[in-house]
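Novice: This is the content of start20.cif (mmCIF, C-alpha atoms):
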```cif
data_coords
#
loop_
_atom_site.label_atom_id
_atom_site.label_comp_id
_atom_site.auth_asym_id
_atom_site.auth_seq_id
_atom_site.Cartn_x
_atom_site.Cartn_y
_atom_site.Cartn_z
CA ASN A 17 0.13 20.36 19.61
CA ALA A 18 -3.16 21.28 18.00
CA GLY A 19 -2.42 19.03 14.97
CA VAL A 20 -4.38 20.08 11.87
CA THR A 21 -6.98 22.78 12.40
CA GLN A 22 -9.66 23.91 9.97
CA THR A 23 -11.99 26.87 10.01
CA PRO A 24 -14.88 27.28 9.71
CA LYS A 25 -16.60 24.05 10.80
CA PHE A 26 -19.76 24.84 8.87
CA ARG A 27 -20.66 27.34 6.16
CA ILE A 28 -23.59 28.02 3.90
CA LEU A 29 -22.85 29.93 0.70
CA LYS A 30 -25.06 31.32 -1.99
CA ILE A 31 -24.37 30.43 -5.60
CA GLY A 32 -21.67 32.70 -6.99
CA GLN A 33 -20.20 33.70 -3.64
CA SER A 34 -16.55 33.12 -2.80
CA MET A 35 -14.86 31.98 0.37
CA THR A 36 -11.59 30.69 1.77
CA LEU A 37 -11.32 27.56 3.87
CA GLN A 38 -8.48 27.87 6.32
CA CYS A 39 -6.12 25.05 7.24
CA ALA A 40 -3.13 25.14 9.56
CA GLN A 41 -0.82 22.52 11.03
CA ASP A 42 1.75 22.81 13.79
CA MET A 43 3.66 19.58 13.16
CA ASN A 44 6.15 21.09 10.70
CA HIS A 45 4.89 18.79 7.96
CA ASN A 46 6.04 19.50 4.45
CA TYR A 47 3.12 17.86 2.70
CA MET A 48 -0.39 19.25 2.87
CA TYR A 49 -3.56 18.19 1.08
CA TRP A 50 -7.12 19.25 0.44
CA TYR A 51 -9.80 16.61 -0.09
CA ARG A 52 -13.52 16.70 -0.59
CA GLN A 53 -15.85 13.97 0.58
CA ASP A 54 -19.25 13.74 -1.03
CA PRO A 55 -22.03 11.80 0.73
CA GLY A 56 -21.37 8.05 0.74
CA MET A 57 -18.10 8.47 -1.11
CA GLY A 58 -14.41 8.35 -0.40
CA LEU A 59 -12.06 11.28 -0.44
CA LYS A 60 -11.10 12.97 -3.67
CA LEU A 61 -7.91 15.01 -3.82
CA ILE A 62 -8.38 18.64 -4.84
CA TYR A 63 -4.88 20.09 -4.43
CA TYR A 64 -1.74 19.24 -2.58
CA SER A 65 1.52 20.92 -1.67
CA VAL A 66 4.96 19.48 -0.99
CA GLY A 67 6.30 22.62 0.63
CA ALA A 68 5.96 26.37 0.90
CA GLY A 69 5.54 27.89 -2.54
CA ILE A 70 4.84 24.57 -4.27
CA THR A 71 1.33 23.37 -5.10
CA ASP A 72 -0.10 20.89 -7.56
CA LYS A 73 -3.48 19.77 -8.80
CA GLY A 74 -5.20 16.62 -7.66
CA GLU A 75 -8.13 14.78 -9.20
CA VAL A 76 -10.79 17.50 -8.91
CA PRO A 77 -9.16 20.97 -8.92
CA ASN A 78 -11.71 22.85 -11.04
CA GLY A 79 -13.38 25.68 -9.17
CA TYR A 80 -10.69 25.85 -6.48
CA ASN A 81 -7.39 27.59 -5.87
CA VAL A 82 -4.72 27.17 -3.24
CA SER A 83 -1.61 28.90 -2.02
CA ARG A 84 1.17 27.87 0.35
CA SER A 85 3.11 30.85 1.55
CA THR A 86 4.22 29.19 4.80
CA THR A 87 4.84 25.62 5.96
CA GLU A 88 1.98 25.92 8.44
CA ASP A 89 -0.89 27.25 6.32
CA PHE A 90 -2.66 25.91 3.25
CA PRO A 91 -5.86 27.84 2.48
CA LEU A 92 -8.35 26.65 -0.13
CA ARG A 93 -10.19 29.30 -2.11
CA LEU A 94 -13.57 28.71 -3.74
CA GLU A 95 -14.42 31.21 -6.45
CA LEU A 96 -18.01 31.46 -7.73
CA ALA A 97 -19.47 28.73 -5.54
CA ALA A 98 -21.74 26.19 -7.25
CA PRO A 99 -24.14 23.60 -5.76
CA SER A 100 -21.75 20.86 -6.99
CA GLN A 101 -19.24 22.11 -4.43
CA THR A 102 -21.51 21.14 -1.56
CA SER A 103 -19.35 18.69 0.32
CA VAL A 104 -17.24 18.08 3.40
CA TYR A 105 -13.71 19.40 2.96
CA PHE A 106 -10.78 17.85 4.75
CA CYS A 107 -7.32 19.24 5.07
CA ALA A 108 -4.50 16.82 5.83
CA SER A 109 -0.75 16.92 6.34
CA SER A 110 2.11 14.45 6.46
CA TYR A 111 5.85 14.57 6.84
CA ALA A 112 8.05 14.16 3.78
CA SER A 113 9.52 10.72 3.35
CA ARG A 114 11.63 8.86 0.81
CA PHE A 115 9.25 5.96 1.40
CA PRO A 116 5.46 5.66 1.16
CA ASP A 117 5.08 5.16 4.92
CA ASN A 118 3.96 8.59 6.03
CA GLU A 119 0.37 8.54 7.20
CA GLN A 120 -1.75 11.61 6.84
CA PHE A 121 -3.08 13.59 9.77
CA PHE A 122 -6.50 15.04 9.11
CA GLY A 123 -8.30 18.11 10.29
CA PRO A 124 -11.88 17.89 11.61
CA GLY A 125 -13.42 18.94 8.28
CA THR A 126 -15.52 21.84 7.02
CA ARG A 127 -19.10 21.13 6.00
CA LEU A 128 -19.99 23.45 3.10
CA THR A 129 -23.43 23.85 1.59
CA VAL A 130 -24.00 25.93 -1.54
CA LEU A 131 -27.61 26.97 -2.14
CA ALA B 252 -9.82 1.68 -13.62
CA GLN B 253 -10.35 2.02 -9.90
CA LYS B 254 -7.10 2.27 -8.01
CA ILE B 255 -8.65 1.15 -4.73
CA THR B 256 -11.70 -1.09 -4.63
CA GLN B 257 -13.77 -1.73 -1.54
CA THR B 258 -16.64 -3.98 -2.56
CA GLN B 259 -18.52 -4.13 0.75
CA PRO B 260 -20.70 -1.05 1.15
CA GLY B 261 -21.87 -2.26 4.56
CA MET B 262 -20.96 -4.98 7.02
CA PHE B 263 -22.45 -6.22 10.28
CA VAL B 264 -20.52 -8.00 12.99
CA GLN B 265 -21.49 -9.28 16.41
CA GLU B 266 -19.70 -7.71 19.32
CA LYS B 267 -16.54 -9.63 20.32
CA GLU B 268 -16.30 -11.38 16.96
CA ALA B 269 -13.70 -10.76 14.26
CA VAL B 270 -14.47 -9.10 10.95
CA THR B 271 -12.57 -8.69 7.68
CA LEU B 272 -12.98 -5.63 5.49
CA ASP B 273 -11.85 -6.14 1.91
CA CYS B 274 -9.58 -3.91 -0.13
CA THR B 275 -8.00 -4.57 -3.51
CA TYR B 276 -5.71 -2.17 -5.28
CA ASP B 277 -4.27 -1.58 -8.70
CA THR B 278 -0.76 -0.34 -9.33
CA SER B 279 2.14 -1.13 -11.60
CA ASP B 280 4.65 0.31 -9.15
CA GLN B 281 6.84 -1.94 -7.02
CA SER B 282 7.07 0.44 -4.10
CA TYR B 283 3.86 1.69 -2.53
CA GLY B 284 2.12 1.98 0.80
CA LEU B 285 -1.30 0.86 1.95
CA PHE B 286 -3.26 2.49 4.74
CA TRP B 287 -6.51 2.02 6.57
CA TYR B 288 -8.40 4.92 8.14
CA LYS B 289 -11.47 4.93 10.36
CA GLN B 290 -14.16 7.61 10.15
CA PRO B 291 -16.65 7.52 13.04
CA SER B 292 -20.00 9.27 12.77
CA SER B 293 -18.38 12.37 14.27
CA GLY B 294 -16.53 12.74 10.95
CA GLU B 295 -12.84 12.81 11.80
CA MET B 296 -10.38 10.57 9.92
CA ILE B 297 -8.27 8.36 12.15
CA PHE B 298 -5.19 6.48 10.92
CA LEU B 299 -5.28 2.79 11.88
CA ILE B 300 -2.55 0.80 10.18
CA TYR B 301 0.08 0.88 7.45
CA GLN B 302 1.60 -1.81 5.20
CA GLY B 303 4.54 -1.20 2.90
CA SER B 304 4.80 -3.13 -0.33
CA TYR B 305 8.22 -4.47 0.65
CA ASP B 306 7.20 -5.49 4.16
CA GLU B 307 7.33 -9.24 4.48
CA GLN B 308 5.28 -9.42 7.63
CA ASN B 309 1.63 -8.43 7.85
CA ALA B 310 1.18 -5.24 9.83
CA THR B 311 -0.52 -5.36 13.22
CA GLU B 312 -1.65 -2.60 15.57
CA GLY B 313 -3.48 -3.84 18.62
CA ARG B 314 -6.78 -5.37 17.48
CA TYR B 315 -6.12 -4.35 13.88
CA SER B 316 -4.15 -6.45 11.44
CA LEU B 317 -3.67 -6.15 7.73
CA ASN B 318 -3.87 -9.31 5.64
CA PHE B 319 -1.51 -8.37 2.81
CA GLN B 320 -1.49 -10.60 -0.26
CA LYS B 321 0.78 -8.89 -2.75
CA ALA B 322 0.27 -11.26 -5.67
CA ARG B 323 -3.50 -10.84 -5.39
CA LYS B 324 -3.14 -7.10 -4.75
CA SER B 325 -5.29 -7.25 -1.68
CA ALA B 326 -4.88 -5.54 1.69
CA ASN B 327 -7.76 -6.61 3.88
CA LEU B 328 -8.26 -5.15 7.34
CA VAL B 329 -9.01 -7.61 10.11
CA ILE B 330 -10.54 -6.32 13.34
CA SER B 331 -10.48 -8.83 16.15
CA ALA B 332 -12.80 -8.83 19.14
CA SER B 333 -15.10 -6.14 17.73
CA GLN B 334 -16.35 -3.44 20.06
CA LEU B 335 -19.34 -1.14 19.76
CA GLY B 336 -16.93 1.75 19.25
CA ASP B 337 -15.68 0.10 16.06
CA SER B 338 -18.91 1.07 14.28
CA ALA B 339 -17.69 3.51 11.63
CA MET B 340 -16.73 3.95 7.99
CA TYR B 341 -13.42 2.36 7.07
CA PHE B 342 -11.33 3.58 4.16
CA CYS B 343 -8.49 1.84 2.41
CA ALA B 344 -5.89 4.10 0.77
CA MET B 345 -2.73 3.72 -1.27
CA ARG B 346 0.29 5.96 -1.57
CA GLU B 347 2.09 5.62 -4.89
CA PRO B 348 5.23 7.20 -6.25
CA ARG B 349 5.03 10.14 -8.60
CA ARG B 350 6.93 9.98 -11.89
CA SER B 351 8.86 13.06 -10.80
CA GLY B 352 9.80 11.46 -7.50
CA GLY B 353 8.32 11.28 -4.02
CA TYR B 354 5.22 9.64 -2.65
CA GLN B 355 2.81 12.48 -2.43
CA LYS B 356 -0.11 10.92 -4.24
CA VAL B 357 -2.71 9.15 -2.11
CA THR B 358 -5.86 7.47 -3.45
CA PHE B 359 -8.80 6.44 -1.26
CA GLY B 360 -11.47 3.80 -1.74
CA ILE B 361 -15.16 4.59 -1.25
CA GLY B 362 -15.26 2.96 2.15
CA THR B 363 -17.10 0.22 4.02
CA LYS B 364 -19.60 1.00 6.74
CA LEU B 365 -19.18 -1.37 9.67
CA GLN B 366 -21.88 -1.78 12.28
CA VAL B 367 -21.17 -3.72 15.43
CA ILE B 368 -24.23 -5.37 16.94
CA PRO B 369 -24.45 -5.85 20.72
#
```
Take the structure in this file and express it as structure tokens.

Specialist:
Amino acid sequence: NAGVTQTPKFRILKIGQSMTLQCAQDMNHNYMYWYRQDPGMGLKLIYYSVGAGITDKGEVPNGYNVSRSTTEDFPLRLELAAPSQTSVYFCASSYASRFPDNEQFFGPGTRLTVL
Amino acid sequence: AQKITQTQPGMFVQEKEAVTLDCTYDTSDQSYGLFWYKQPSSGEMIFLIYQGSYDEQNATEGRYSLNFQKARKSANLVISASQLGDSAMYFCAMREPRRSGGYQKVTFGIGTKLQVIP
């Protein structure tokens, strides 16, 4: 199993450009998440999904969009990139549970710089 | 109000000694889960240990144990016999129920940077 994979690893964007961060998991997890981690900070939730076709906003969704057409993939779209979106982006997944015991599995992260 | 508070921005510990990383949380729910993750300098997030709110025993995983004090809303991570490879950022996180059902929501603290000294 590859676990959670993210592409690209690094990207530099110019202000106003758009891009899609790719995330895929091969563990058949229902739940998937996108976080951003700013320097010296914890993770802030951007969007999450509880299954194919179902997405919901997290704490910091402005400037981002997501889709979940399959269980495996959960791409994050940045429209009109701004310097404030310079961050490390983590994708994560977990299995669905009736209890709060399901740990998240994280991808390696994408380091994005907007200049 | 902060949901997860980690008040120690940085900690030092001598190799082979034990260290406690503090975490307090805020929730009005009865059922929730607490997690600790490690983030080495390479950047990946590694799950360490889980404690459920209804678990009566403190969780342990090898050299990691979670000192869970429910009434004080604290979930401190204890690392015994520290090793150089333990130098990393450590994040406390909480999974709470959503009003509409399920436990999808996870909140992270800002982390504690641990440095193990030879």

Novice: Using all atoms listed in the file and a cut-off of 10 Å, which residues of chain A sit close to chain B? Please list them as an MDAnalysis selection string.

Specialist: chainID A and resid 47:49 53 56:61 64:66 74:75 104 106 108 110:126

Novice: Measure the distance from CA of Ala98 (chain A) to CA of Ala40 (chain A) in Å and round it to one decimal.

Specialist: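 Result for CA of Ala98 (chain A) versus CA of Ala40 (chain A): 25.1 Å, one decimal.
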
Novice: List the residues selected by the PyMOL selection byres ((chain B and resi 320-337) around 10) in the file shown, writing them as a ChimeraX atom specification.

Specialist: /B:255-257,264-278,285-287,289-291,299-302,304-305,307,309-319,338-345,365-369

Novice: May I ask for the distance between CA of Phe90 (chain A) and CA of Pro24 (chain A), given in Å to one decimal place?

Specialist: 13.9 Å

Novice: How many Å separate CA of Asn46 (chain A) from CA of Ser109 (chain A)?

Specialist: 7.5 Å

Novice: Skipping near chain neighbours, those fewer than 6 positions away, what residues fall within 8 Å of Leu131 (chain A) using only C-alpha atoms, listed as a PDB file with C-alpha atoms, in the coordinates of the input?

Specialist:
```pdb
ATOM      1  CA  ILE A  28     -23.590  28.020   3.900  1.00  0.00           C
ATOM      2  CA  LEU A  29     -22.850  29.930   0.700  1.00  0.00           C
ATOM      3  CA  LYS A  30     -25.060  31.320  -1.990  1.00  0.00           C
ATOM      4  CA  ILE A  31     -24.370  30.430  -5.600  1.00  0.00           C
ATOM      5  CA  ALA A  98     -21.740  26.190  -7.250  1.00  0.00           C
ATOM      6  CA  PRO A  99     -24.140  23.600  -5.760  1.00  0.00           C
TER       7      PRO A  99
END
```
